[in-house]
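Read the structure below first, then the notes.
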Amino acid sequence: MVDGEDVSGTLVFDFQQHFGECRLRMGGVAGVSTHQDHRFKGYSRIVLENMLRWMYQEGFDVSMLGGITGFYPKFGYVKAFPETFFEFTVRDVERLVPTGYSFVDYEPKYLNAALRMFRRNQATRTGPTERDRRHWRPFRKGVTWGPKAVCRVALDSGVTPSGISSTTTP
């Protein structure tokens with residue numbers, strides 16, 4: 001703060017990060033920013049140094065962030081994982097319908113099943129991030145995270161959640 005005004009800040013999200021069969025507490029760093037009138041005065045450096053100290057005191061095992069490539073290496077951050085994404089074409093999803101699956105809008109009652117499938121599918125992989133179930137909500141999608149994704153659940157003929165698909169609204 002400068003003269004009572006917030007000029008620089010960041011957010012830290014508490015995630016579980018998969019490293020093989022191990023899960024570590026990961027601080028997901030986002031929104032590192034300084035108001036345009038206060039840039040190049042070292043405020044982001046102070047914020048990040050305090051953030052790293054706080055995460056250490058709070059017991060985070062690791063922290064990760066995305067952002068300006070030339071800025072963060074001085075804080076020890078390096079490129080660690082390739083970008084990944086999942087996408088389903090309408091044609092691929094339509095193939096499930098004749099096999100007895102139906103698709104319904106996501107509702108919170110499907111969260112436990114979705115998390116079980118995620119954990120089972122990611123159990124031995126390195127890199128997947130698991131959000132705390134208290135903060136789970138359908139994703140936003142795109143460069144600005146503006147377009148809201150439509151989250152759908154595939155139900156088999158026994159009406160049990162068996163998969164999640166995501167498409168973008170027009």
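Each chain of the structure tokens is named A, B, ... in the order shown, its residues numbered from 1; ligands are numbered from 1 in display order.
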Excluding Val47 of chain A and its own-chain neighbours fewer than 6 positions away, which residues fall within 12 Å of it when counting only C-alpha atoms? Please give them as a PyMOL selection string. chain A and resi 1+6-12+29+31-34+41+53-54+75
Distance query segment 18-26 of chain A at most 12 Å, only C-alpha atoms, self and fewer than 2 positions along chain excluded, as an mmCIF file with all heavy atoms, in the first residue's frame:
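To be explicit, this is the file written out as around-v4.cif:
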```
data_model
loop_
_atom_site.group_PDB
_atom_site.id
_atom_site.type_symbol
_atom_site.label_atom_id
_atom_site.label_comp_id
_atom_site.auth_asym_id
_atom_site.auth_seq_id
_atom_site.Cartn_x
_atom_site.Cartn_y
_atom_site.Cartn_z
ATOM 1 N N VAL A 12 -2.888 -16.241 -3.853
ATOM 2 C CA VAL A 12 -2.332 -17.587 -3.708
ATOM 3 C C VAL A 12 -3.499 -18.530 -3.486
ATOM 4 O O VAL A 12 -4.303 -18.333 -2.571
ATOM 5 C CB VAL A 12 -1.344 -17.680 -2.522
ATOM 6 C CG1 VAL A 12 -0.865 -19.119 -2.342
ATOM 7 C CG2 VAL A 12 -0.163 -16.742 -2.719
ATOM 8 N N PHE A 13 -3.605 -19.531 -4.351
ATOM 9 C CA PHE A 13 -4.647 -20.544 -4.230
ATOM 10 C C PHE A 13 -4.033 -21.819 -3.668
ATOM 11 O O PHE A 13 -2.935 -22.215 -4.063
ATOM 12 C CB PHE A 13 -5.293 -20.820 -5.595
ATOM 13 C CG PHE A 13 -6.021 -19.618 -6.128
ATOM 14 C CD1 PHE A 13 -5.392 -18.734 -6.983
ATOM 15 C CD2 PHE A 13 -7.333 -19.370 -5.755
ATOM 16 C CE1 PHE A 13 -6.053 -17.614 -7.464
ATOM 17 C CE2 PHE A 13 -8.009 -18.251 -6.228
ATOM 18 C CZ PHE A 13 -7.359 -17.375 -7.084
ATOM 19 N N ASP A 14 -4.739 -22.455 -2.756
ATOM 20 C CA ASP A 14 -4.261 -23.657 -2.077
ATOM 21 C C ASP A 14 -4.735 -24.882 -2.856
ATOM 22 O O ASP A 14 -5.930 -25.175 -2.888
ATOM 23 C CB ASP A 14 -4.831 -23.663 -0.656
ATOM 24 C CG ASP A 14 -4.107 -24.597 0.279
ATOM 25 O OD1 ASP A 14 -3.413 -25.518 -0.193
ATOM 26 O OD2 ASP A 14 -4.254 -24.419 1.501
ATOM 27 N N PHE A 15 -3.800 -25.558 -3.534
ATOM 28 C CA PHE A 15 -4.114 -26.726 -4.372
ATOM 29 C C PHE A 15 -3.372 -27.959 -3.875
ATOM 30 O O PHE A 15 -2.409 -27.864 -3.125
ATOM 31 C CB PHE A 15 -3.644 -26.501 -5.819
ATOM 32 C CG PHE A 15 -4.404 -25.470 -6.590
ATOM 33 C CD1 PHE A 15 -3.766 -24.324 -7.022
ATOM 34 C CD2 PHE A 15 -5.730 -25.648 -6.922
ATOM 35 C CE1 PHE A 15 -4.438 -23.373 -7.762
ATOM 36 C CE2 PHE A 15 -6.420 -24.700 -7.654
ATOM 37 C CZ PHE A 15 -5.771 -23.566 -8.074
ATOM 38 N N GLN A 16 -3.797 -29.102 -4.365
ATOM 39 C CA GLN A 16 -3.034 -30.344 -4.239
ATOM 40 C C GLN A 16 -2.416 -30.611 -5.604
ATOM 41 O O GLN A 16 -3.126 -30.676 -6.598
ATOM 42 C CB GLN A 16 -3.938 -31.516 -3.842
ATOM 43 C CG GLN A 16 -4.528 -31.388 -2.458
ATOM 44 C CD GLN A 16 -3.476 -31.499 -1.383
ATOM 45 O OE1 GLN A 16 -2.656 -32.408 -1.386
ATOM 46 N NE2 GLN A 16 -3.484 -30.556 -0.463
ATOM 47 N N GLY A 28 -0.772 -21.966 -5.746
ATOM 48 C CA GLY A 28 -0.937 -21.500 -7.117
ATOM 49 C C GLY A 28 -0.966 -19.984 -7.115
ATOM 50 O O GLY A 28 -1.889 -19.372 -6.591
ATOM 51 N N VAL A 29 0.072 -19.376 -7.650
ATOM 52 C CA VAL A 29 0.209 -17.924 -7.628
ATOM 53 C C VAL A 29 -0.460 -17.341 -8.870
ATOM 54 O O VAL A 29 -0.209 -17.795 -9.977
ATOM 55 C CB VAL A 29 1.704 -17.532 -7.583
ATOM 56 C CG1 VAL A 29 1.862 -16.019 -7.538
ATOM 57 C CG2 VAL A 29 2.391 -18.195 -6.390
ATOM 58 N N LEU A 52 6.338 -15.464 -0.793
ATOM 59 C CA LEU A 52 7.151 -16.673 -0.639
ATOM 60 C C LEU A 52 7.429 -16.961 0.839
ATOM 61 O O LEU A 52 7.359 -18.115 1.284
ATOM 62 C CB LEU A 52 8.448 -16.550 -1.433
ATOM 63 C CG LEU A 52 8.280 -16.571 -2.948
ATOM 64 C CD1 LEU A 52 9.593 -16.169 -3.632
ATOM 65 C CD2 LEU A 52 7.819 -17.933 -3.429
ATOM 66 N N MET A 55 4.165 -18.314 2.310
ATOM 67 C CA MET A 55 3.879 -19.702 1.902
ATOM 68 C C MET A 55 4.788 -20.675 2.650
ATOM 69 O O MET A 55 4.345 -21.760 3.043
ATOM 70 C CB MET A 55 4.019 -19.869 0.391
ATOM 71 C CG MET A 55 2.850 -19.261 -0.357
ATOM 72 S SD MET A 55 2.686 -19.758 -2.091
ATOM 73 C CE MET A 55 4.267 -19.391 -2.754
ATOM 74 N N TYR A 56 6.029 -20.312 2.869
ATOM 75 C CA TYR A 56 6.949 -21.165 3.638
ATOM 76 C C TYR A 56 6.418 -21.330 5.069
ATOM 77 O O TYR A 56 6.337 -22.442 5.584
ATOM 78 C CB TYR A 56 8.358 -20.565 3.635
ATOM 79 C CG TYR A 56 9.340 -21.353 4.461
ATOM 80 C CD1 TYR A 56 9.889 -22.530 3.968
ATOM 81 C CD2 TYR A 56 9.702 -20.923 5.734
ATOM 82 C CE1 TYR A 56 10.786 -23.273 4.724
ATOM 83 C CE2 TYR A 56 10.593 -21.655 6.501
ATOM 84 C CZ TYR A 56 11.124 -22.827 5.997
ATOM 85 O OH TYR A 56 12.010 -23.557 6.759
ATOM 86 N N GLU A 58 3.412 -21.032 6.121
ATOM 87 C CA GLU A 58 2.131 -21.731 6.122
ATOM 88 C C GLU A 58 2.245 -23.203 5.735
ATOM 89 O O GLU A 58 1.252 -23.915 5.698
ATOM 90 C CB GLU A 58 1.143 -21.028 5.183
ATOM 91 C CG GLU A 58 0.712 -19.659 5.671
ATOM 92 C CD GLU A 58 -0.060 -19.728 6.979
ATOM 93 O OE1 GLU A 58 -0.981 -20.564 7.096
ATOM 94 O OE2 GLU A 58 0.265 -18.943 7.898
ATOM 95 N N GLY A 59 3.444 -23.654 5.396
ATOM 96 C CA GLY A 59 3.655 -25.070 5.130
ATOM 97 C C GLY A 59 3.387 -25.541 3.715
ATOM 98 O O GLY A 59 3.193 -26.742 3.486
ATOM 99 N N PHE A 60 3.389 -24.645 2.747
ATOM 100 C CA PHE A 60 3.235 -25.079 1.360
ATOM 101 C C PHE A 60 4.488 -25.850 0.959
ATOM 102 O O PHE A 60 5.605 -25.478 1.321
ATOM 103 C CB PHE A 60 3.048 -23.873 0.427
ATOM 104 C CG PHE A 60 1.682 -23.266 0.500
ATOM 105 C CD1 PHE A 60 1.386 -22.315 1.455
ATOM 106 C CD2 PHE A 60 0.685 -23.650 -0.391
ATOM 107 C CE1 PHE A 60 0.120 -21.746 1.532
ATOM 108 C CE2 PHE A 60 -0.577 -23.093 -0.319
ATOM 109 C CZ PHE A 60 -0.862 -22.134 0.646
ATOM 110 N N ASP A 61 4.307 -26.934 0.187
ATOM 111 C CA ASP A 61 5.437 -27.735 -0.275
ATOM 112 C C ASP A 61 6.092 -27.147 -1.513
ATOM 113 O O ASP A 61 7.300 -27.278 -1.712
ATOM 114 C CB ASP A 61 4.970 -29.168 -0.601
ATOM 115 C CG ASP A 61 4.418 -29.867 0.622
ATOM 116 O OD1 ASP A 61 5.122 -29.910 1.651
ATOM 117 O OD2 ASP A 61 3.272 -30.354 0.556
ATOM 118 N N VAL A 62 5.293 -26.525 -2.359
ATOM 119 C CA VAL A 62 5.782 -26.018 -3.640
ATOM 120 C C VAL A 62 4.858 -24.896 -4.085
ATOM 121 O O VAL A 62 3.717 -24.809 -3.628
ATOM 122 C CB VAL A 62 5.830 -27.168 -4.690
ATOM 123 C CG1 VAL A 62 4.444 -27.686 -5.000
ATOM 124 C CG2 VAL A 62 6.567 -26.786 -5.937
ATOM 125 N N SER A 63 5.354 -24.024 -4.939
ATOM 126 C CA SER A 63 4.489 -22.999 -5.518
ATOM 127 C C SER A 63 4.719 -22.960 -7.020
ATOM 128 O O SER A 63 5.806 -23.282 -7.498
ATOM 129 C CB SER A 63 4.746 -21.622 -4.900
ATOM 130 O OG SER A 63 6.033 -21.158 -5.206
ATOM 131 N N MET A 64 3.681 -22.607 -7.737
ATOM 132 C CA MET A 64 3.762 -22.519 -9.195
ATOM 133 C C MET A 64 2.992 -21.300 -9.658
ATOM 134 O O MET A 64 2.021 -20.900 -9.033
ATOM 135 C CB MET A 64 3.186 -23.769 -9.843
ATOM 136 C CG MET A 64 3.999 -24.985 -9.599
ATOM 137 S SD MET A 64 3.406 -26.344 -10.606
ATOM 138 C CE MET A 64 4.469 -27.627 -10.029
ATOM 139 N N LEU A 65 3.457 -20.728 -10.768
ATOM 140 C CA LEU A 65 2.765 -19.590 -11.346
ATOM 141 C C LEU A 65 3.038 -19.538 -12.829
ATOM 142 O O LEU A 65 3.936 -20.176 -13.346
ATOM 143 C CB LEU A 65 3.176 -18.279 -10.667
ATOM 144 C CG LEU A 65 4.629 -17.831 -10.725
ATOM 145 C CD1 LEU A 65 4.977 -17.186 -12.052
ATOM 146 C CD2 LEU A 65 4.879 -16.830 -9.622
ATOM 147 N N ALA A 80 8.229 -25.611 -15.749
ATOM 148 C CA ALA A 80 8.215 -26.954 -15.185
ATOM 149 C C ALA A 80 7.353 -27.935 -15.959
ATOM 150 O O ALA A 80 7.709 -29.088 -16.092
ATOM 151 C CB ALA A 80 7.740 -26.900 -13.728
ATOM 152 N N PHE A 81 6.203 -27.507 -16.451
ATOM 153 C CA PHE A 81 5.285 -28.411 -17.114
ATOM 154 C C PHE A 81 4.859 -27.816 -18.448
ATOM 155 O O PHE A 81 4.704 -26.601 -18.562
ATOM 156 C CB PHE A 81 4.022 -28.639 -16.273
ATOM 157 C CG PHE A 81 4.292 -29.301 -14.961
ATOM 158 C CD1 PHE A 81 4.144 -28.599 -13.775
ATOM 159 C CD2 PHE A 81 4.693 -30.616 -14.906
ATOM 160 C CE1 PHE A 81 4.389 -29.194 -12.562
ATOM 161 C CE2 PHE A 81 4.939 -31.228 -13.691
ATOM 162 C CZ PHE A 81 4.791 -30.525 -12.517
ATOM 163 N N PHE A 118 -11.276 -38.257 -11.338
ATOM 164 C CA PHE A 118 -10.063 -37.469 -11.525
ATOM 165 C C PHE A 118 -8.902 -38.114 -10.776
ATOM 166 O O PHE A 118 -7.830 -38.337 -11.332
ATOM 167 C CB PHE A 118 -10.274 -36.033 -11.041
ATOM 168 C CG PHE A 118 -9.029 -35.210 -11.107
ATOM 169 C CD1 PHE A 118 -8.681 -34.560 -12.284
ATOM 170 C CD2 PHE A 118 -8.188 -35.088 -10.016
ATOM 171 C CE1 PHE A 118 -7.522 -33.803 -12.364
ATOM 172 C CE2 PHE A 118 -7.035 -34.338 -10.079
ATOM 173 C CZ PHE A 118 -6.698 -33.695 -11.258
ATOM 174 N N ARG A 119 -9.106 -38.444 -9.504
ATOM 175 C CA ARG A 119 -8.030 -39.028 -8.684
ATOM 176 C C ARG A 119 -7.579 -40.367 -9.253
ATOM 177 O O ARG A 119 -6.392 -40.667 -9.286
ATOM 178 C CB ARG A 119 -8.492 -39.168 -7.246
ATOM 179 C CG ARG A 119 -8.610 -37.831 -6.558
ATOM 180 C CD ARG A 119 -9.082 -37.966 -5.122
ATOM 181 N NE ARG A 119 -9.294 -36.641 -4.562
ATOM 182 C CZ ARG A 119 -10.367 -36.285 -3.886
ATOM 183 N NH1 ARG A 119 -11.330 -37.158 -3.650
ATOM 184 N NH2 ARG A 119 -10.484 -35.060 -3.418
ATOM 185 N N ARG A 120 -8.519 -41.182 -9.688
ATOM 186 C CA ARG A 120 -8.173 -42.489 -10.254
ATOM 187 C C ARG A 120 -7.374 -42.324 -11.547
ATOM 188 O O ARG A 120 -6.363 -42.982 -11.759
ATOM 189 C CB ARG A 120 -9.455 -43.297 -10.512
ATOM 190 C CG ARG A 120 -9.185 -44.713 -11.014
ATOM 191 C CD ARG A 120 -10.468 -45.530 -11.163
ATOM 192 N NE ARG A 120 -11.414 -44.888 -12.066
ATOM 193 C CZ ARG A 120 -12.647 -44.487 -11.713
ATOM 194 N NH1 ARG A 120 -13.080 -44.655 -10.481
ATOM 195 N NH2 ARG A 120 -13.450 -43.919 -12.589
ATOM 196 N N ASN A 121 -7.790 -41.398 -12.397
ATOM 197 C CA ASN A 121 -7.113 -41.203 -13.683
ATOM 198 C C ASN A 121 -5.769 -40.498 -13.546
ATOM 199 O O ASN A 121 -4.909 -40.644 -14.412
ATOM 200 C CB ASN A 121 -8.012 -40.419 -14.642
ATOM 201 C CG ASN A 121 -9.194 -41.230 -15.080
ATOM 202 O OD1 ASN A 121 -9.111 -42.442 -15.226
ATOM 203 N ND2 ASN A 121 -10.324 -40.577 -15.271
ATOM 204 N N GLN A 122 -5.574 -39.722 -12.506
ATOM 205 C CA GLN A 122 -4.349 -38.938 -12.353
ATOM 206 C C GLN A 122 -3.400 -39.510 -11.300
ATOM 207 O O GLN A 122 -2.342 -38.935 -11.053
ATOM 208 C CB GLN A 122 -4.698 -37.488 -11.959
ATOM 209 C CG GLN A 122 -5.663 -36.809 -12.879
ATOM 210 C CD GLN A 122 -5.163 -36.719 -14.306
ATOM 211 O OE1 GLN A 122 -3.980 -36.617 -14.568
ATOM 212 N NE2 GLN A 122 -6.073 -36.774 -15.252
ATOM 213 N N ALA A 123 -3.747 -40.633 -10.699
ATOM 214 C CA ALA A 123 -3.043 -41.145 -9.524
ATOM 215 C C ALA A 123 -1.526 -41.229 -9.670
ATOM 216 O O ALA A 123 -0.802 -40.975 -8.719
ATOM 217 C CB ALA A 123 -3.603 -42.512 -9.142
ATOM 218 N N THR A 124 -1.012 -41.592 -10.816
ATOM 219 C CA THR A 124 0.439 -41.769 -10.947
ATOM 220 C C THR A 124 1.079 -40.762 -11.886
ATOM 221 O O THR A 124 2.238 -40.897 -12.244
ATOM 222 C CB THR A 124 0.762 -43.189 -11.435
ATOM 223 O OG1 THR A 124 0.139 -43.391 -12.704
ATOM 224 C CG2 THR A 124 0.286 -44.230 -10.442
ATOM 225 N N ARG A 125 0.338 -39.744 -12.294
ATOM 226 C CA ARG A 125 0.891 -38.742 -13.213
ATOM 227 C C ARG A 125 1.542 -37.598 -12.440
ATOM 228 O O ARG A 125 1.191 -37.333 -11.293
ATOM 229 C CB ARG A 125 -0.215 -38.189 -14.108
ATOM 230 C CG ARG A 125 -0.781 -39.260 -14.998
ATOM 231 C CD ARG A 125 -1.807 -38.711 -15.924
ATOM 232 N NE ARG A 125 -2.322 -39.805 -16.743
ATOM 233 C CZ ARG A 125 -3.401 -39.747 -17.449
ATOM 234 N NH1 ARG A 125 -4.104 -38.630 -17.474
ATOM 235 N NH2 ARG A 125 -3.796 -40.758 -18.159
ATOM 236 N N THR A 126 2.449 -36.918 -13.085
ATOM 237 C CA THR A 126 3.070 -35.740 -12.501
ATOM 238 C C THR A 126 2.514 -34.503 -13.187
ATOM 239 O O THR A 126 2.534 -34.408 -14.406
ATOM 240 C CB THR A 126 4.603 -35.793 -12.672
ATOM 241 O OG1 THR A 126 5.083 -36.917 -11.931
ATOM 242 C CG2 THR A 126 5.261 -34.520 -12.161
ATOM 243 N N GLY A 127 2.006 -33.592 -12.396
ATOM 244 C CA GLY A 127 1.549 -32.335 -12.938
ATOM 245 C C GLY A 127 0.115 -31.960 -12.691
ATOM 246 O O GLY A 127 -0.168 -30.780 -12.506
ATOM 247 N N PRO A 128 -0.844 -32.888 -12.677
ATOM 248 C CA PRO A 128 -2.227 -32.467 -12.495
ATOM 249 C C PRO A 128 -2.436 -31.739 -11.168
ATOM 250 O O PRO A 128 -1.855 -32.107 -10.156
ATOM 251 C CB PRO A 128 -3.025 -33.772 -12.523
ATOM 252 C CG PRO A 128 -2.162 -34.716 -13.268
ATOM 253 C CD PRO A 128 -0.746 -34.315 -12.927
ATOM 254 N N THR A 129 -3.242 -30.706 -11.208
ATOM 255 C CA THR A 129 -3.563 -29.921 -10.027
ATOM 256 C C THR A 129 -4.988 -30.226 -9.622
ATOM 257 O O THR A 129 -5.889 -30.218 -10.435
ATOM 258 C CB THR A 129 -3.429 -28.415 -10.333
ATOM 259 O OG1 THR A 129 -2.094 -28.167 -10.742
ATOM 260 C CG2 THR A 129 -3.765 -27.579 -9.120
ATOM 261 N N GLU A 130 -5.174 -30.499 -8.354
ATOM 262 C CA GLU A 130 -6.506 -30.807 -7.844
ATOM 263 C C GLU A 130 -6.990 -29.653 -6.976
ATOM 264 O O GLU A 130 -6.353 -29.306 -5.987
ATOM 265 C CB GLU A 130 -6.447 -32.092 -7.021
ATOM 266 C CG GLU A 130 -7.787 -32.575 -6.574
ATOM 267 C CD GLU A 130 -7.702 -33.943 -5.929
ATOM 268 O OE1 GLU A 130 -6.846 -34.749 -6.317
ATOM 269 O OE2 GLU A 130 -8.513 -34.183 -5.032
ATOM 270 N N ARG A 131 -8.092 -29.052 -7.388
ATOM 271 C CA ARG A 131 -8.662 -27.971 -6.588
ATOM 272 C C ARG A 131 -9.350 -28.535 -5.355
ATOM 273 O O ARG A 131 -9.900 -29.628 -5.381
ATOM 274 C CB ARG A 131 -9.694 -27.202 -7.418
ATOM 275 C CG ARG A 131 -9.075 -26.460 -8.560
ATOM 276 C CD ARG A 131 -10.114 -25.682 -9.317
ATOM 277 N NE ARG A 131 -10.976 -26.587 -10.054
ATOM 278 C CZ ARG A 131 -12.086 -26.223 -10.668
ATOM 279 N NH1 ARG A 131 -12.485 -24.982 -10.617
ATOM 280 N NH2 ARG A 131 -12.804 -27.090 -11.332
ATOM 281 N N ASP A 132 -9.329 -27.765 -4.290
ATOM 282 C CA ASP A 132 -10.041 -28.135 -3.077
ATOM 283 C C ASP A 132 -11.531 -28.206 -3.399
ATOM 284 O O ASP A 132 -12.077 -27.314 -4.033
ATOM 285 C CB ASP A 132 -9.780 -27.074 -2.003
ATOM 286 C CG ASP A 132 -10.386 -27.429 -0.661
ATOM 287 O OD1 ASP A 132 -11.610 -27.711 -0.602
ATOM 288 O OD2 ASP A 132 -9.653 -27.417 0.334
#
```
Run DSSP on the backbone and give me the residues of segment 8-126 of chain A it puts in helix (DSSP H, G or I), as an MDAnalysis selection string. chainID A and resid 36:38 43:57 72:75 90:94 97:99 108:122
Suppose you want the space between atom CA of Gln36 of chain A and atom CA of Pro73 of chain A; what is it in Å?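 According to the coordinates, atom CA of Gln36 of chain A and atom CA of Pro73 of chain A are separated by 22.1 Å.
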Distance query Glu107 of chain A at most 9 Å, only C-alpha atoms, self and fewer than 2 positions along chain excluded, as a PyMOL selection string: chain A and resi 104-105+109-111+151-153
Calculate how many Å separate atom CA of Arg91 of chain A from atom CA of Tyr106 of chain A, rounding to one decimal.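 One can read the atom CA of Arg91 of chain A to atom CA of Tyr106 of chain A distance as 20.2 Å.
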Pick from A:Gly100, A:Arg134, A:Thr89, A:Glu49, whichever lies nearest to Leu155 of chain A using only C-alpha atoms: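 When distances to Leu155 of chain A are compared using only C-alpha atoms, the smallest one comes from A:Gly100.
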